[in-house]
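Asks: This is data_26.cif (mmCIF, C-alpha atoms).
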data_entry
#
loop_
_atom_site.label_atom_id
_atom_site.label_comp_id
_atom_site.auth_asym_id
_atom_site.auth_seq_id
_atom_site.Cartn_x
_atom_site.Cartn_y
_atom_site.Cartn_z
CA GLU S 1 -5.58 19.20 5.41
CA THR S 2 -5.67 16.16 7.73
CA GLY S 3 -4.05 12.97 6.53
CA VAL S 4 -5.25 9.41 7.01
CA THR S 5 -5.42 8.38 10.66
CA GLN S 6 -5.85 4.93 12.21
CA SER S 7 -6.63 3.68 15.69
CA PRO S 8 -5.48 2.02 17.76
CA THR S 9 -1.73 2.03 17.07
CA HIS S 10 -1.14 -1.36 18.66
CA LEU S 11 -3.46 -4.12 19.78
CA ILE S 12 -2.94 -7.50 21.44
CA LYS S 13 -5.70 -10.12 21.27
CA THR S 14 -6.01 -13.85 21.86
CA ARG S 15 -7.13 -16.53 19.44
CA GLY S 16 -10.88 -16.63 18.89
CA GLN S 17 -11.48 -13.03 19.92
CA GLN S 18 -12.91 -10.31 17.71
CA VAL S 19 -11.25 -6.98 16.85
CA THR S 20 -12.33 -3.67 15.30
CA LEU S 21 -9.84 -1.34 13.66
CA ARG S 22 -10.71 2.22 12.67
CA CYS S 23 -9.63 4.57 9.90
CA SER S 24 -10.39 8.20 9.13
CA SER S 25 -9.80 9.08 5.52
CA GLN S 26 -8.10 12.19 4.22
CA SER S 27 -10.43 15.15 3.94
CA GLY S 28 -12.52 15.01 0.77
CA HIS S 29 -11.67 11.39 -0.04
CA ASN S 30 -14.59 9.01 -0.52
CA THR S 31 -12.76 5.70 -1.05
CA VAL S 32 -11.11 3.63 1.67
CA SER S 33 -9.07 0.47 1.08
CA TRP S 34 -7.76 -1.93 3.71
CA TYR S 35 -4.57 -3.97 3.44
CA GLN S 36 -2.87 -6.63 5.57
CA GLN S 37 0.93 -6.59 5.69
CA ALA S 38 2.72 -9.54 7.24
CA LEU S 39 6.29 -9.05 8.41
CA GLY S 40 8.72 -8.77 5.52
CA GLN S 41 6.03 -8.84 2.84
CA GLY S 42 4.16 -6.34 0.72
CA PRO S 43 0.60 -5.33 1.66
CA GLN S 44 -2.22 -7.65 0.57
CA PHE S 45 -5.53 -6.10 -0.49
CA ILE S 46 -8.44 -7.01 1.83
CA PHE S 47 -11.32 -4.89 0.50
CA GLN S 48 -12.34 -1.42 -0.56
CA TYR S 49 -15.30 0.83 0.20
CA TYR S 50 -16.57 3.53 -2.12
CA ARG S 51 -19.38 5.78 -0.91
CA GLU S 52 -20.37 3.30 1.83
CA GLU S 53 -20.56 0.26 -0.48
CA GLU S 54 -18.02 -2.57 -0.73
CA ASN S 55 -16.32 -2.17 -4.09
CA GLY S 56 -13.91 -5.05 -4.42
CA ARG S 57 -12.51 -7.74 -2.19
CA GLY S 58 -9.26 -9.66 -2.07
CA ASN S 59 -8.70 -13.29 -1.14
CA PHE S 60 -9.73 -13.02 2.52
CA PRO S 61 -12.39 -15.12 4.32
CA PRO S 62 -15.78 -13.69 5.35
CA ARG S 63 -14.65 -13.27 8.96
CA PHE S 64 -12.94 -10.13 7.64
CA SER S 65 -15.69 -7.54 7.24
CA GLY S 66 -15.94 -3.80 7.04
CA LEU S 67 -18.05 -0.69 7.06
CA GLN S 68 -17.81 2.79 5.68
CA PHE S 69 -19.74 5.60 7.33
CA PRO S 70 -21.37 8.71 5.77
CA ASN S 71 -18.33 10.79 6.75
CA TYR S 72 -16.24 8.22 4.80
CA SER S 73 -14.44 6.90 7.86
CA SER S 74 -14.21 3.12 7.96
CA GLU S 75 -13.94 0.07 10.22
CA LEU S 76 -12.31 -3.30 9.66
CA ASN S 77 -13.72 -6.12 11.77
CA VAL S 78 -12.05 -9.49 12.17
CA ASN S 79 -13.91 -12.33 13.92
CA ALA S 80 -12.52 -15.57 15.34
CA LEU S 81 -8.94 -14.32 15.32
CA GLU S 82 -6.21 -16.73 14.27
CA LEU S 83 -2.47 -16.55 14.96
CA ASP S 84 -1.82 -15.81 11.26
CA ASP S 85 -3.92 -12.64 11.54
CA SER S 86 -0.98 -11.03 13.33
CA ALA S 87 0.13 -8.27 10.97
CA LEU S 88 0.21 -4.54 10.28
CA TYR S 89 -3.20 -3.42 9.02
CA LEU S 90 -3.07 -0.45 6.70
CA CYS S 91 -5.85 1.83 5.58
CA ALA S 92 -5.56 3.94 2.43
CA SER S 93 -7.84 6.65 1.12
CA SER S 94 -8.23 8.14 -2.33
CA LEU S 95 -10.36 10.82 -3.88
CA PHE S 96 -12.07 8.37 -6.19
CA LEU S 97 -11.18 4.81 -7.18
CA PRO S 98 -7.54 3.58 -7.24
CA SER S 99 -8.62 1.08 -9.90
CA LEU S 100 -9.33 4.05 -12.17
CA GLY S 101 -5.91 5.55 -11.66
CA ASP S 102 -6.35 7.55 -8.49
CA GLU S 103 -3.44 7.92 -6.06
CA GLN S 104 -3.70 6.25 -2.65
CA PHE S 105 -2.61 7.82 0.64
CA PHE S 106 -1.87 5.54 3.56
CA GLY S 107 -2.32 5.83 7.30
CA PRO S 108 0.31 4.80 9.86
CA GLY S 109 -1.24 1.37 10.40
CA THR S 110 -2.44 -0.71 13.33
CA ARG S 111 -0.11 -3.45 14.58
CA LEU S 112 -2.24 -6.45 15.62
CA THR S 113 -0.70 -9.28 17.61
CA VAL S 114 -2.72 -12.45 18.17
CA LEU S 115 -1.51 -14.73 20.97
CA LYS F 1 -3.72 -11.95 -12.60
CA GLN F 2 -1.13 -9.25 -12.01
CA GLU F 3 2.01 -10.29 -10.09
CA VAL F 4 4.72 -7.90 -8.95
CA THR F 5 8.30 -8.67 -8.00
CA GLN F 6 11.15 -6.46 -6.82
CA ILE F 7 14.86 -7.05 -7.13
CA PRO F 8 17.05 -6.85 -5.13
CA ALA F 9 15.37 -7.71 -1.84
CA ALA F 10 17.97 -5.64 0.00
CA LEU F 11 20.60 -3.12 -1.03
CA SER F 12 23.35 -1.35 0.89
CA VAL F 13 25.18 1.64 -0.63
CA PRO F 14 27.53 4.39 0.58
CA GLU F 15 26.15 7.89 0.96
CA GLY F 16 26.20 9.98 -2.22
CA GLU F 17 25.79 7.08 -4.62
CA ASN F 18 23.12 7.10 -7.34
CA LEU F 19 21.02 3.94 -7.33
CA VAL F 20 18.24 2.14 -9.17
CA LEU F 21 15.50 -0.01 -7.68
CA ASN F 22 13.66 -2.43 -9.96
CA CYS F 23 10.01 -3.46 -10.12
CA SER F 24 8.66 -6.09 -12.54
CA PHE F 25 5.03 -6.90 -13.33
CA THR F 26 3.52 -9.72 -15.34
CA ASP F 27 0.52 -8.06 -17.02
CA SER F 28 1.56 -5.32 -19.46
CA ALA F 29 -2.02 -3.96 -19.60
CA ILE F 30 -1.13 -1.98 -16.53
CA TYR F 31 -3.18 1.11 -15.78
CA ASN F 32 -0.93 2.76 -13.24
CA LEU F 33 2.04 2.12 -11.00
CA GLN F 34 2.79 3.76 -7.67
CA TRP F 35 6.04 3.82 -5.69
CA PHE F 36 5.98 4.03 -1.90
CA ARG F 37 8.46 4.36 0.93
CA GLN F 38 7.96 2.55 4.24
CA ASP F 39 9.95 3.17 7.40
CA PRO F 40 10.17 0.25 9.89
CA GLY F 41 6.79 -0.47 11.51
CA LYS F 42 5.19 2.55 9.83
CA GLY F 43 2.66 3.21 7.10
CA LEU F 44 3.40 3.86 3.44
CA THR F 45 4.39 7.25 2.06
CA SER F 46 3.49 7.84 -1.58
CA LEU F 47 6.50 8.87 -3.66
CA LEU F 48 5.40 8.83 -7.29
CA LEU F 49 2.39 7.71 -9.34
CA ILE F 50 2.88 6.91 -13.03
CA GLN F 51 -0.21 6.46 -15.18
CA SER F 52 -0.17 4.22 -18.24
CA SER F 53 0.00 7.15 -20.64
CA GLN F 54 3.18 8.42 -18.97
CA ARG F 55 6.71 7.10 -19.25
CA GLU F 56 8.20 8.76 -16.19
CA GLN F 57 7.63 11.02 -13.21
CA THR F 58 10.09 13.08 -11.22
CA SER F 59 10.06 14.49 -7.71
CA GLY F 60 13.23 16.07 -6.34
CA ARG F 61 16.00 13.45 -6.34
CA LEU F 62 13.58 10.70 -7.38
CA ASN F 63 12.73 9.63 -10.91
CA ALA F 64 10.46 6.73 -11.75
CA SER F 65 10.07 5.26 -15.22
CA LEU F 66 7.53 2.86 -16.67
CA ASP F 67 8.08 0.49 -19.60
CA LYS F 68 4.88 -1.46 -20.15
CA SER F 69 6.22 -3.54 -23.04
CA SER F 70 9.01 -5.00 -20.92
CA GLY F 71 6.92 -5.16 -17.74
CA ARG F 72 9.32 -2.99 -15.75
CA SER F 73 9.45 0.14 -13.66
CA THR F 74 12.57 1.63 -12.13
CA LEU F 75 13.00 4.09 -9.30
CA TYR F 76 16.17 6.16 -9.60
CA ILE F 77 17.48 7.89 -6.47
CA ALA F 78 20.17 10.49 -7.04
CA ALA F 79 22.84 11.40 -4.49
CA SER F 80 21.55 9.01 -1.83
CA GLN F 81 21.48 10.11 1.83
CA PRO F 82 21.23 8.13 5.09
CA GLY F 83 17.68 9.50 5.46
CA ASP F 84 16.73 7.57 2.32
CA SER F 85 17.16 4.31 4.26
CA ALA F 86 13.77 2.55 4.19
CA THR F 87 11.87 -0.16 2.33
CA TYR F 88 10.68 0.86 -1.12
CA LEU F 89 7.54 -0.79 -2.49
CA CYS F 90 5.95 -0.63 -5.91
CA ALA F 91 2.30 -1.38 -6.60
CA ALA F 92 0.63 -1.97 -9.96
CA SER F 93 -3.00 -1.94 -10.97
CA ASN F 94 -4.87 -2.82 -14.13
CA TYR F 95 -7.98 -0.93 -15.16
CA GLY F 96 -10.81 -1.73 -12.75
CA GLN F 97 -8.50 -3.81 -10.57
CA ASN F 98 -6.98 -2.97 -7.24
CA PHE F 99 -3.33 -2.47 -6.51
CA VAL F 100 -0.98 -5.46 -6.28
CA PHE F 101 2.16 -4.79 -4.24
CA GLY F 102 5.65 -6.16 -4.63
CA PRO F 103 7.56 -7.46 -1.58
CA GLY F 104 9.77 -4.37 -1.42
CA THR F 105 13.48 -3.54 -1.54
CA ARG F 106 15.12 -2.72 1.79
CA LEU F 107 17.62 0.10 1.23
CA SER F 108 20.41 1.04 3.61
CA VAL F 109 22.48 4.15 2.86
CA LEU F 110 25.66 4.16 4.91
CA PRO F 111 27.17 7.47 6.13
#
Output the file's structure as structure tokens, nothing else.

Replies:
Amino acid sequence: ETGVTQSPTHLIKTRGQQVTLRCSSQSGHNTVSWYQQALGQGPQFIFQYYREEENGRGNFPPRFSGLQFPNYSSELNVNALELDDSALYLCASSLFLPSLGDEQFFGPGTRLTVL
Amino acid sequence: KQEVTQIPAALSVPEGENLVLNCSFTDSAIYNLQWFRQDPGKGLTSLLLIQSSQREQTSGRLNASLDKSSGRSTLYIAASQPGDSATYLCAASNYGQNFVFGPGTRLSVLP
């Protein structure tokens, strides 16, 4: 069984640029959630995709957007990057919906640095 | 709105000691609570998931309890080892809501 994978591992961008982060969910899981974790803080929920539809969103502006594909892999896109977007971006997958009690499994994260 | 806090922010103990990490949440209508471990710069490893109908879960040297009425969960680590050094995070969710994470407790186990 393959766990959750994310790419790339590290990324450096400049202010105003756009970035795409990728996540492959654990085999058989059809829900993907994305989180932003600033240094020294707990992860903050960005949004969640269930069977290719957005199924919940945290307090993040519209320049944070996402997609989920038929194979349940997912992308997080961030436009017009700001310095405060520098963080570890985590992807988590679950069999069904975490909001209904399902356990989440996390990937290793993508470290984004915005200069 | 659910809010989660963790005390202490950091903890340093000698190897072999038993220890307790605390997690508090504001909304007692919690649906489940999950404990994670995070090594520096890495992703989260799931340790234990407690659903609202349960009072505790155990895995090896770890035991997590849930007391909804007091808004608390504790993670008990028995016979701590240097390999247990990491940040421990708890996350709570209410029914139909997504997980809210605490800021974590950074644990150092000294050999």

Asks: Near Arg61 (chain F), within 9 Å and counting all atoms listed in the file, which residues show up once chain neighbours fewer than 3 positions away are dropped, as a PyMOL selection string?

Replies: chain F and resi 58+76-80

Asks: Since I can't run it myself right now, could you work out what the PyMOL selection byres ((chain F and resi 21) around 8) selects here and report it as a list of chain:residue names?

Replies: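 Going through the file, the PyMOL selection byres ((chain F and resi 21) around 8) ends up selecting F:Gln6, F:Ile7, F:Pro8, F:Leu19, F:Val20, F:Asn22, F:Cys23, F:Thr74, F:Leu75, F:Tyr76, F:Thr105.
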
Asks: Under the rule of at most 12 Å, produce a per-residue listing of chain S near chain F: chain, number, name, the closest pair of atoms, and the distance in Å, as a tab-separated table, using all atoms listed in the file.

Replies:
residue	atom	partner	partner_atom	distance
S:Gly3	CA	F:Thr45	CA	11.1
S:Val4	CA	F:Gly43	CA	10.1
S:Thr5	CA	F:Gly43	CA	10.2
S:Gln6	CA	F:Gly43	CA	10.1
S:Thr9	CA	F:Lys42	CA	10.0
S:His10	CA	F:Gly41	CA	10.7
S:Val32	CA	F:Asn98	CA	11.8
S:Ser33	CA	F:Asn98	CA	9.2
S:Trp34	CA	F:Asn98	CA	11.0
S:Tyr35	CA	F:Phe99	CA	10.1
S:Gln36	CA	F:Phe101	CA	11.2
S:Gln37	CA	F:Pro103	CA	9.9
S:Ala38	CA	F:Pro103	CA	10.3
S:Leu39	CA	F:Gly41	CA	9.1
S:Gly40	CA	F:Pro103	CA	7.3
S:Gln41	CA	F:Pro103	CA	4.9
S:Gly42	CA	F:Pro103	CA	4.3
S:Pro43	CA	F:Phe101	CA	6.1
S:Gln44	CA	F:Phe101	CA	7.1
S:Phe45	CA	F:Phe99	CA	7.4
S:Ile46	CA	F:Asn98	CA	10.0
S:Phe47	CA	F:Asn98	CA	9.1
S:Gln48	CA	F:Asn98	CA	8.7
S:Tyr49	CA	F:Asn98	CA	11.8
S:Asn55	CA	F:Asn98	CA	9.9
S:Gly56	CA	F:Asn98	CA	7.8
S:Arg57	CA	F:Asn98	CA	8.9
S:Gly58	CA	F:Asn98	CA	8.8
S:Ala87	CA	F:Gly41	CA	10.3
S:Leu88	CA	F:Gly41	CA	7.8
S:Tyr89	CA	F:Gly43	CA	9.1
S:Leu90	CA	F:Gly43	CA	6.8
S:Cys91	CA	F:Gly43	CA	8.8
S:Ala92	CA	F:Leu44	CA	9.0
S:Ser93	CA	F:Ser46	CA	11.7
S:Ser94	CA	F:Ser46	CA	11.7
S:Leu97	CA	F:Gly96	CA	8.6
S:Pro98	CA	F:Asn98	CA	6.6
S:Ser99	CA	F:Gly96	CA	4.6
S:Leu100	CA	F:Tyr95	CA	6.0
S:Gly101	CA	F:Asn32	CA	5.9
S:Asp102	CA	F:Asn32	CA	8.7
S:Glu103	CA	F:Leu49	CA	6.7
S:Gln104	CA	F:Ser46	CA	7.4
S:Phe105	CA	F:Ser46	CA	6.5
S:Phe106	CA	F:Leu44	CA	5.5
S:Gly107	CA	F:Gly43	CA	5.6
S:Pro108	CA	F:Gly43	CA	4.0
S:Gly109	CA	F:Gly43	CA	5.4
S:Thr110	CA	F:Gly43	CA	9.0
S:Arg111	CA	F:Gly41	CA	8.1
S:Leu112	CA	F:Gly41	CA	11.6

Asks: Write out as a list of chain:residue names which residues come within 10 Å of Asn79 (chain S) when counting only C-alpha atoms, dropping same-chain ones fewer than 3 positions away.

Replies: S:Arg15, S:Gly16, S:Gln17, S:Gln18, S:Val19, S:Thr20, S:Pro62, S:Arg63, S:Phe64, S:Ser65, S:Glu82

Asks: Keeping only C-alpha atoms, write the selected residues to a file as a PDB file, in the coordinates of the input.

Replies:
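Below you can see out_7.pdb, which holds the result:
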ATOM      1  CA  ARG S  15      -7.130 -16.530  19.440  1.00  0.00           C
ATOM      2  CA  GLY S  16     -10.880 -16.630  18.890  1.00  0.00           C
ATOM      3  CA  GLN S  17     -11.480 -13.030  19.920  1.00  0.00           C
ATOM      4  CA  GLN S  18     -12.910 -10.310  17.710  1.00  0.00           C
ATOM      5  CA  VAL S  19     -11.250  -6.980  16.850  1.00  0.00           C
ATOM      6  CA  THR S  20     -12.330  -3.670  15.300  1.00  0.00           C
ATOM      7  CA  PRO S  62     -15.780 -13.690   5.350  1.00  0.00           C
ATOM      8  CA  ARG S  63     -14.650 -13.270   8.960  1.00  0.00           C
ATOM      9  CA  PHE S  64     -12.940 -10.130   7.640  1.00  0.00           C
ATOM     10  CA  SER S  65     -15.690  -7.540   7.240  1.00  0.00           C
ATOM     11  CA  GLU S  82      -6.210 -16.730  14.270  1.00  0.00           C
TER      12      GLU S  82
END

Asks: To one decimal place, how far is CA of Asn30 (chain S) from CA of Asn59 (chain S) in Å?

Replies: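 Going from CA of Asn30 (chain S) over to CA of Asn59 (chain S), I get 23.1 Å.
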
Asks: Please determine, counting only C-alpha atoms, which residue among S:Ser86, S:Ser25, S:Asn77, S:Thr14 has the shortest atom-to-atom distance to Leu115 (chain S).

Replies: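 Among S:Ser86, S:Ser25, S:Asn77, S:Thr14, it is S:Thr14 that comes nearest to Leu115 (chain S).
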